[in-house]
Amino acid sequence: MTADATRTGTEPGTASTDDPPTEDVVERDASSSTAEPTSAAFWAWTALGLLIVVGLAALTRYLEQNVPAWAEGTAVEDIGAAVEYPVYAILLGLLGNVAVTVLGWRNRIAAAFRTEFFIKTGLVLLGASINLAVIASAAGPAIAQAILLISGVFLFTWWLAGRFGLDDKLRALLASAVSICGVSAAIAAAGAVRARREQLAYTASLVIVFALPSIFVLPWLADVFGLSDAVAGAWIGGNIDTTAAVTAAGALAGEEALQIASIVKVTQNALMGVVAVALTAYFTLRVERRPGAARLGLGELWTRFPKFVLGFIAASVIATWYLDAAGADGKATIAIVNDLRVWFLILAFVSIGLEVRVASLREAGWRPVAVFASATVFNLALALGLASLLFHNFSA
């Protein structure tokens, strides 16, 4: 990676080292509320905001659980079954954003949009679904593929986004999302580089738009190419950017393909923390370091490091130990943790939708879309080559 430290373009979305510090994706503007934080009015508006966030989250869960049944037997049955909760959550959040803006409530209830807390708690709980023992025992080729694929796709996306003149923080989000695990990776990267919430919303939207058709296109292409179940599964798991979409596509490709796809995707998910550490170090030591400034030490790295990554790793270790100790009985407990994780991520996506400002999204223009699409094609080609090489003789 090379930092575009000399770029001084002032176009929206271009990088400039002279820009003032951007709004952290989890940073809250204290002036956004019209009431003092200690006043009764402030807490009343915040309580109303929380009711709105939780209500939209409950509606999201209701749609997620019932739309597949409503669509069953219709022309949109496959789509209804494939649409995931991030789609409903972000859309409902955006609709809520319009409503509260029209009503003049948006700034007054902004303190209730606890995006940081929801995101970080959800990602810590996500670690419980990453069983390190399964990866270590069953997925040697998946580990090799994940390392090579993430490195190759991340570097390609970072380079291409630089050629398109995108801001370094948006480059980091796009590269992390397309190379690792979609929205979750973008969230982790946003915390590491202190990206704006609009950049995160833009990236999350791109992930969803590209993931949905992949559910149907990749199994069909695997059949057209005559891929074995193992190679098809590794290809699907290495490409589609959300775990639920990987599961849906793997199921269409077959049982063995589903198993391999899941292992490959979980392996990539497990590397999310490594990428967050690398991004923290890179942005602290290179991208945001001013000429002539003293060299930053480990203390600054620790300050910038997204601490929830440690919780993510700890949850994975604890879940792995617990499943080994409890056996089949432990799966019910992990299922409860996973369900709780979904709730927190839904609350996060709803909050993102409520917080986003459309003007900031328009500023980014078409260039991030072109970068994400090109990186997706590169990912398809590289993942197919690696899957064919590493899994051609694989047997479950």
# chains A, B, ... in the order shown; residues from 1 in each chain; ligands from 1
>>> residues_around(residues="Leu380 (chain A)", least_positions_apart="5", cutoff="12 Å", atoms="only C-alpha atoms", output="PyMOL selection string")
chain A and resi 149+152-153+178-179+214+217-218+221-222+232+234-241+373-375+385-387
>>> residues_around(residues="Pro368 (chain A)", least_positions_apart="4", cutoff="8 Å", atoms="only C-alpha atoms", output="list of chain:residue names")
A:Ala161, A:Leu166, A:Leu174, A:Ala364, A:Phe372
>>> select_by_dssp(residues="region 167-304 of chain A", states="helix (DSSP H, G or I)", output="PyMOL selection string")
chain A and resi 168-181+183-193+197-225+229-239+243-253+255-270+272-287+298-304
>>> closest_residue(among="A:Ala211, A:Leu310, A:Leu50, A:Leu384", to="Leu123 (chain A)", atoms="only C-alpha atoms")
A:Leu310
>>> residues_around(residues="Gly311 (chain A)", least_positions_apart="5", cutoff="9 Å", atoms="only C-alpha atoms", output="list in words")
Lys120, Thr121, Leu123, Val124, Leu125, Gly127 and Ser316 of chain A
>>> atom_distance(atom1="CA of Glu64 (chain A)", atom2="CA of Thr320 (chain A)")
28.4 Å
>>> closest_residue(among="A:Val87, A:Ala245, A:Ala58, A:Leu389", to="Val231 (chain A)", atoms="only C-alpha atoms")
A:Leu389
>>> residues_around(residues="Leu91 (chain A)", least_positions_apart="4", cutoff="10 Å", atoms="only C-alpha atoms", output="ChimeraX atom specification")
/A:56,60,85-87,95-97,205,349-350,353-354
>>> closest_residue(among="A:Ala110, A:Leu51, A:Ala348, A:Ile147", to="Val183 (chain A)", atoms="only C-alpha atoms")
A:Ala348
>>> closest_residue(among="A:Gln268, A:Ser39, A:Ala315, A:Leu279", to="Trp158 (chain A)", atoms="only C-alpha atoms")
A:Leu279
>>> residues_around(residues="Tyr322 (chain A)", least_positions_apart="4", cutoff="12 Å", atoms="only C-alpha atoms", output="ChimeraX atom specification")
/A:128-129,131-133,314-318,326-334
>>> write_last_selection(atoms="all heavy atoms", output="CSV table (one decimal), in the first residue's frame")
chain,number,residue,atom,x,y,z
A,128,ALA,N,-18.4,-15.6,18.6
A,128,ALA,CA,-18.8,-16.8,19.2
A,128,ALA,C,-19.2,-17.8,18.1
A,128,ALA,O,-19.3,-19.0,18.3
A,128,ALA,CB,-20.0,-16.6,20.1
A,129,SER,N,-19.4,-17.3,16.9
A,129,SER,CA,-19.8,-18.2,15.8
A,129,SER,C,-18.6,-18.7,15.0
A,129,SER,O,-18.7,-19.5,14.1
A,129,SER,CB,-20.8,-17.6,14.8
A,129,SER,OG,-20.1,-16.5,14.1
A,131,ASN,N,-15.7,-20.9,15.3
A,131,ASN,CA,-15.1,-22.0,16.0
A,131,ASN,C,-13.7,-22.3,15.5
A,131,ASN,O,-13.5,-22.9,14.4
A,131,ASN,CB,-15.9,-23.3,15.9
A,131,ASN,CG,-15.5,-24.4,16.9
A,131,ASN,OD1,-14.3,-24.6,17.1
A,131,ASN,ND2,-16.5,-25.1,17.5
A,132,LEU,N,-12.7,-21.9,16.2
A,132,LEU,CA,-11.3,-22.0,15.7
A,132,LEU,C,-10.9,-23.5,15.6
A,132,LEU,O,-10.1,-23.8,14.7
A,132,LEU,CB,-10.3,-21.3,16.7
A,132,LEU,CG,-10.6,-19.8,16.9
A,132,LEU,CD1,-9.5,-19.2,17.9
A,132,LEU,CD2,-10.5,-19.1,15.5
A,133,ALA,N,-11.4,-24.3,16.4
A,133,ALA,CA,-11.1,-25.8,16.3
A,133,ALA,C,-11.6,-26.4,15.0
A,133,ALA,O,-10.9,-27.2,14.3
A,133,ALA,CB,-11.7,-26.5,17.5
A,314,ALA,N,-11.6,-13.1,21.8
A,314,ALA,CA,-11.9,-13.7,23.1
A,314,ALA,C,-13.2,-14.6,23.0
A,314,ALA,O,-13.3,-15.7,23.5
A,314,ALA,CB,-12.0,-12.7,24.2
A,315,ALA,N,-14.3,-14.0,22.3
A,315,ALA,CA,-15.5,-14.7,22.2
A,315,ALA,C,-15.3,-16.0,21.4
A,315,ALA,O,-15.9,-17.0,21.6
A,315,ALA,CB,-16.6,-13.8,21.5
A,316,SER,N,-14.5,-15.9,20.3
A,316,SER,CA,-14.2,-17.1,19.5
A,316,SER,C,-13.5,-18.2,20.3
A,316,SER,O,-13.8,-19.3,20.2
A,316,SER,CB,-13.3,-16.7,18.3
A,316,SER,OG,-13.0,-17.8,17.5
A,317,VAL,N,-12.5,-17.7,21.1
A,317,VAL,CA,-11.7,-18.7,21.9
A,317,VAL,C,-12.7,-19.4,22.9
A,317,VAL,O,-12.6,-20.6,23.1
A,317,VAL,CB,-10.5,-18.0,22.6
A,317,VAL,CG1,-9.9,-19.0,23.6
A,317,VAL,CG2,-9.5,-17.6,21.6
A,318,ILE,N,-13.5,-18.5,23.6
A,318,ILE,CA,-14.4,-19.1,24.7
A,318,ILE,C,-15.4,-20.0,24.0
A,318,ILE,O,-15.7,-21.1,24.6
A,318,ILE,CB,-15.1,-17.9,25.4
A,318,ILE,CG1,-14.0,-17.1,26.2
A,318,ILE,CG2,-16.2,-18.4,26.3
A,318,ILE,CD1,-14.6,-15.8,26.8
A,326,ALA,N,-18.8,-28.8,26.2
A,326,ALA,CA,-20.3,-29.1,26.4
A,326,ALA,C,-20.8,-30.0,25.3
A,326,ALA,O,-21.9,-30.6,25.4
A,326,ALA,CB,-21.1,-27.8,26.4
A,327,GLY,N,-20.1,-30.2,24.2
A,327,GLY,CA,-20.5,-31.0,23.1
A,327,GLY,C,-21.8,-30.5,22.4
A,327,GLY,O,-22.0,-29.3,22.3
A,328,ALA,N,-22.7,-31.4,22.1
A,328,ALA,CA,-23.9,-31.0,21.3
A,328,ALA,C,-24.8,-30.1,22.2
A,328,ALA,O,-25.5,-29.2,21.6
A,328,ALA,CB,-24.7,-32.3,20.9
A,329,ASP,N,-24.8,-30.3,23.5
A,329,ASP,CA,-25.6,-29.4,24.3
A,329,ASP,C,-25.2,-27.9,24.2
A,329,ASP,O,-26.0,-27.1,24.5
A,329,ASP,CB,-25.5,-29.9,25.8
A,329,ASP,CG,-26.1,-31.3,26.0
A,329,ASP,OD1,-27.0,-31.7,25.1
A,329,ASP,OD2,-25.8,-31.9,27.0
A,330,GLY,N,-23.9,-27.7,23.9
A,330,GLY,CA,-23.5,-26.3,23.8
A,330,GLY,C,-24.0,-25.5,22.6
A,330,GLY,O,-24.0,-24.3,22.6
A,331,LYS,N,-24.5,-26.3,21.6
A,331,LYS,CA,-24.9,-25.6,20.4
A,331,LYS,C,-26.1,-24.7,20.7
A,331,LYS,O,-26.3,-23.7,20.0
A,331,LYS,CB,-25.2,-26.6,19.3
A,331,LYS,CG,-24.0,-27.3,18.8
A,331,LYS,CD,-24.3,-28.3,17.7
A,331,LYS,CE,-23.0,-29.0,17.2
A,331,LYS,NZ,-23.3,-29.9,16.1
A,332,ALA,N,-27.0,-25.1,21.6
A,332,ALA,CA,-28.2,-24.3,21.9
A,332,ALA,C,-27.8,-23.0,22.5
A,332,ALA,O,-28.4,-22.0,22.2
A,332,ALA,CB,-29.1,-25.1,22.8
A,333,THR,N,-26.8,-23.0,23.4
A,333,THR,CA,-26.3,-21.8,24.0
A,333,THR,C,-25.7,-20.8,23.0
A,333,THR,O,-26.0,-19.6,23.0
A,333,THR,CB,-25.3,-22.1,25.1
A,333,THR,OG1,-25.9,-23.0,26.1
A,333,THR,CG2,-24.8,-20.8,25.8
A,334,ILE,N,-24.9,-21.4,22.1
A,334,ILE,CA,-24.3,-20.6,21.0
A,334,ILE,C,-25.3,-20.0,20.1
A,334,ILE,O,-25.2,-18.9,19.6
A,334,ILE,CB,-23.3,-21.4,20.2
A,334,ILE,CG1,-22.1,-21.9,21.1
A,334,ILE,CG2,-22.7,-20.6,19.1
A,334,ILE,CD1,-21.3,-20.8,21.8
>>> residues_around(residues="region 225-230 of chain A", least_positions_apart="4", cutoff="8 Å", atoms="only C-alpha atoms", output="PyMOL selection string")
chain A and resi 221+234+253-254+256-257+260+391-392+394-395
>>> write_last_selection(atoms="C-alpha atoms", output="PDB file, in the first residue's frame")
ATOM      1  CA  LEU A 221     -21.969 -20.502 -13.067  1.00  0.00           C
ATOM      2  CA  ALA A 234     -14.728 -22.766  -2.017  1.00  0.00           C
ATOM      3  CA  ALA A 253     -25.049 -25.653  -5.063  1.00  0.00           C
ATOM      4  CA  GLY A 254     -25.390 -28.777  -2.876  1.00  0.00           C
ATOM      5  CA  GLU A 256     -20.963 -30.599   0.237  1.00  0.00           C
ATOM      6  CA  ALA A 257     -20.625 -27.227  -1.484  1.00  0.00           C
ATOM      7  CA  ILE A 260     -16.989 -26.033   2.132  1.00  0.00           C
ATOM      8  CA  PHE A 391      -9.694 -27.922  -3.607  1.00  0.00           C
ATOM      9  CA  HIS A 392      -9.527 -29.959  -6.832  1.00  0.00           C
ATOM     10  CA  PHE A 394     -10.464 -32.264  -1.710  1.00  0.00           C
ATOM     11  CA  SER A 395     -12.802 -34.798  -0.147  1.00  0.00           C
TER      12      SER A 395
END
>>> decode(residues="region 48-158 of chain A", atoms="C-alpha atoms", output="PDB file, in the first residue's frame")
ATOM      1  CA  LEU A  48     -38.357   8.592  22.041  1.00  0.00           C
ATOM      2  CA  GLY A  49     -35.397   7.987  19.748  1.00  0.00           C
ATOM      3  CA  LEU A  50     -34.662   4.638  21.403  1.00  0.00           C
ATOM      4  CA  LEU A  51     -38.289   3.614  20.967  1.00  0.00           C
ATOM      5  CA  ILE A  52     -38.019   4.439  17.267  1.00  0.00           C
ATOM      6  CA  VAL A  53     -34.752   2.490  16.861  1.00  0.00           C
ATOM      7  CA  VAL A  54     -36.057  -0.564  18.732  1.00  0.00           C
ATOM      8  CA  GLY A  55     -39.398  -0.405  16.918  1.00  0.00           C
ATOM      9  CA  LEU A  56     -37.709  -0.369  13.517  1.00  0.00           C
ATOM     10  CA  ALA A  57     -35.436  -3.219  14.641  1.00  0.00           C
ATOM     11  CA  ALA A  58     -38.462  -5.282  15.711  1.00  0.00           C
ATOM     12  CA  LEU A  59     -40.124  -4.591  12.354  1.00  0.00           C
ATOM     13  CA  THR A  60     -36.918  -5.690  10.631  1.00  0.00           C
ATOM     14  CA  ARG A  61     -36.918  -8.997  12.510  1.00  0.00           C
ATOM     15  CA  TYR A  62     -40.599  -9.479  11.750  1.00  0.00           C
ATOM     16  CA  LEU A  63     -40.020  -8.996   8.025  1.00  0.00           C
ATOM     17  CA  GLU A  64     -36.931 -11.211   8.034  1.00  0.00           C
ATOM     18  CA  GLN A  65     -38.859 -14.074   9.619  1.00  0.00           C
ATOM     19  CA  ASN A  66     -42.131 -13.721   7.698  1.00  0.00           C
ATOM     20  CA  VAL A  67     -41.357 -12.497   4.171  1.00  0.00           C
ATOM     21  CA  PRO A  68     -40.054 -15.944   3.050  1.00  0.00           C
ATOM     22  CA  ALA A  69     -43.383 -17.513   4.089  1.00  0.00           C
ATOM     23  CA  TRP A  70     -45.381 -14.759   2.403  1.00  0.00           C
ATOM     24  CA  ALA A  71     -43.378 -15.155  -0.818  1.00  0.00           C
ATOM     25  CA  GLU A  72     -43.627 -18.960  -0.862  1.00  0.00           C
ATOM     26  CA  GLY A  73     -45.272 -20.209  -4.032  1.00  0.00           C
ATOM     27  CA  THR A  74     -44.964 -16.861  -5.817  1.00  0.00           C
ATOM     28  CA  ALA A  75     -42.648 -15.620  -8.576  1.00  0.00           C
ATOM     29  CA  VAL A  76     -40.455 -13.890  -5.977  1.00  0.00           C
ATOM     30  CA  GLU A  77     -40.082 -16.905  -3.677  1.00  0.00           C
ATOM     31  CA  ASP A  78     -36.312 -17.217  -4.176  1.00  0.00           C
ATOM     32  CA  ILE A  79     -35.745 -13.502  -3.652  1.00  0.00           C
ATOM     33  CA  GLY A  80     -37.945 -13.428  -0.563  1.00  0.00           C
ATOM     34  CA  ALA A  81     -35.975 -16.305   0.955  1.00  0.00           C
ATOM     35  CA  ALA A  82     -32.601 -14.755   0.117  1.00  0.00           C
ATOM     36  CA  VAL A  83     -33.078 -11.190   1.358  1.00  0.00           C
ATOM     37  CA  GLU A  84     -31.299 -10.756   4.700  1.00  0.00           C
ATOM     38  CA  TYR A  85     -31.891  -8.548   7.714  1.00  0.00           C
ATOM     39  CA  PRO A  86     -29.317  -5.856   6.730  1.00  0.00           C
ATOM     40  CA  VAL A  87     -31.485  -5.027   3.705  1.00  0.00           C
ATOM     41  CA  TYR A  88     -34.627  -4.513   5.780  1.00  0.00           C
ATOM     42  CA  ALA A  89     -32.763  -2.725   8.577  1.00  0.00           C
ATOM     43  CA  ILE A  90     -31.014  -0.182   6.369  1.00  0.00           C
ATOM     44  CA  LEU A  91     -34.111   0.471   4.251  1.00  0.00           C
ATOM     45  CA  LEU A  92     -36.306   0.956   7.313  1.00  0.00           C
ATOM     46  CA  GLY A  93     -33.636   3.159   8.859  1.00  0.00           C
ATOM     47  CA  LEU A  94     -33.561   5.335   5.741  1.00  0.00           C
ATOM     48  CA  LEU A  95     -37.366   5.575   5.707  1.00  0.00           C
ATOM     49  CA  GLY A  96     -37.287   6.477   9.397  1.00  0.00           C
ATOM     50  CA  ASN A  97     -34.624   9.068   8.603  1.00  0.00           C
ATOM     51  CA  VAL A  98     -36.943  10.759   6.119  1.00  0.00           C
ATOM     52  CA  ALA A  99     -39.851  10.689   8.584  1.00  0.00           C
ATOM     53  CA  VAL A 100     -38.001  12.154  11.569  1.00  0.00           C
ATOM     54  CA  THR A 101     -36.361  14.774   9.355  1.00  0.00           C
ATOM     55  CA  VAL A 102     -39.730  15.905   8.009  1.00  0.00           C
ATOM     56  CA  LEU A 103     -41.097  16.020  11.557  1.00  0.00           C
ATOM     57  CA  GLY A 104     -38.107  18.050  12.730  1.00  0.00           C
ATOM     58  CA  TRP A 105     -37.092  15.407  15.285  1.00  0.00           C
ATOM     59  CA  ARG A 106     -33.846  14.165  13.781  1.00  0.00           C
ATOM     60  CA  ASN A 107     -31.355  16.292  15.707  1.00  0.00           C
ATOM     61  CA  ARG A 108     -33.340  16.018  18.921  1.00  0.00           C
ATOM     62  CA  ILE A 109     -33.344  12.204  18.979  1.00  0.00           C
ATOM     63  CA  ALA A 110     -29.814  11.760  17.544  1.00  0.00           C
ATOM     64  CA  ALA A 111     -28.364  10.743  20.924  1.00  0.00           C
ATOM     65  CA  ALA A 112     -30.391   7.512  20.681  1.00  0.00           C
ATOM     66  CA  PHE A 113     -28.557   6.369  17.563  1.00  0.00           C
ATOM     67  CA  ARG A 114     -25.970   4.337  19.482  1.00  0.00           C
ATOM     68  CA  THR A 115     -24.288   2.987  16.373  1.00  0.00           C
ATOM     69  CA  GLU A 116     -20.921   2.436  18.034  1.00  0.00           C
ATOM     70  CA  PHE A 117     -22.298   0.414  20.931  1.00  0.00           C
ATOM     71  CA  PHE A 118     -24.576  -1.708  18.732  1.00  0.00           C
ATOM     72  CA  ILE A 119     -21.883  -2.398  16.142  1.00  0.00           C
ATOM     73  CA  LYS A 120     -19.124  -3.298  18.544  1.00  0.00           C
ATOM     74  CA  THR A 121     -21.334  -5.489  20.720  1.00  0.00           C
ATOM     75  CA  GLY A 122     -22.637  -7.317  17.645  1.00  0.00           C
ATOM     76  CA  LEU A 123     -19.148  -7.948  16.306  1.00  0.00           C
ATOM     77  CA  VAL A 124     -17.892  -9.220  19.653  1.00  0.00           C
ATOM     78  CA  LEU A 125     -20.792 -11.677  19.707  1.00  0.00           C
ATOM     79  CA  LEU A 126     -19.996 -12.632  16.108  1.00  0.00           C
ATOM     80  CA  GLY A 127     -16.774 -14.127  17.426  1.00  0.00           C
ATOM     81  CA  ALA A 128     -18.821 -16.823  19.173  1.00  0.00           C
ATOM     82  CA  SER A 129     -19.802 -18.246  15.773  1.00  0.00           C
ATOM     83  CA  ILE A 130     -16.153 -18.654  14.716  1.00  0.00           C
ATOM     84  CA  ASN A 131     -15.071 -22.034  16.011  1.00  0.00           C
ATOM     85  CA  LEU A 132     -11.286 -22.016  15.721  1.00  0.00           C
ATOM     86  CA  ALA A 133     -11.102 -25.756  16.295  1.00  0.00           C
ATOM     87  CA  VAL A 134     -13.244 -26.480  13.237  1.00  0.00           C
ATOM     88  CA  ILE A 135     -11.113 -24.232  11.069  1.00  0.00           C
ATOM     89  CA  ALA A 136      -7.853 -25.741  12.312  1.00  0.00           C
ATOM     90  CA  SER A 137      -8.988 -29.346  11.885  1.00  0.00           C
ATOM     91  CA  ALA A 138     -11.020 -29.210   8.687  1.00  0.00           C
ATOM     92  CA  ALA A 139      -9.886 -26.305   6.582  1.00  0.00           C
ATOM     93  CA  GLY A 140      -6.174 -26.311   5.752  1.00  0.00           C
ATOM     94  CA  PRO A 141      -6.853 -25.337   2.125  1.00  0.00           C
ATOM     95  CA  ALA A 142      -9.398 -22.746   3.308  1.00  0.00           C
ATOM     96  CA  ILE A 143      -6.764 -21.015   5.427  1.00  0.00           C
ATOM     97  CA  ALA A 144      -4.368 -20.849   2.469  1.00  0.00           C
ATOM     98  CA  GLN A 145      -7.118 -19.579   0.191  1.00  0.00           C
ATOM     99  CA  ALA A 146      -8.285 -16.991   2.715  1.00  0.00           C
ATOM    100  CA  ILE A 147      -4.801 -15.527   3.216  1.00  0.00           C
ATOM    101  CA  LEU A 148      -4.001 -15.389  -0.510  1.00  0.00           C
ATOM    102  CA  LEU A 149      -7.449 -14.168  -1.530  1.00  0.00           C
ATOM    103  CA  ILE A 150      -7.775 -11.470   1.124  1.00  0.00           C
ATOM    104  CA  SER A 151      -4.269 -10.167   0.420  1.00  0.00           C
ATOM    105  CA  GLY A 152      -4.710 -10.149  -3.351  1.00  0.00           C
ATOM    106  CA  VAL A 153      -8.197  -8.630  -3.450  1.00  0.00           C
ATOM    107  CA  PHE A 154      -7.488  -6.084  -0.716  1.00  0.00           C
ATOM    108  CA  LEU A 155      -4.344  -4.803  -2.431  1.00  0.00           C
ATOM    109  CA  PHE A 156      -6.029  -4.705  -5.850  1.00  0.00           C
ATOM    110  CA  THR A 157      -9.021  -2.776  -4.493  1.00  0.00           C
ATOM    111  CA  TRP A 158      -6.798  -0.387  -2.547  1.00  0.00           C
TER     112      TRP A 158
END
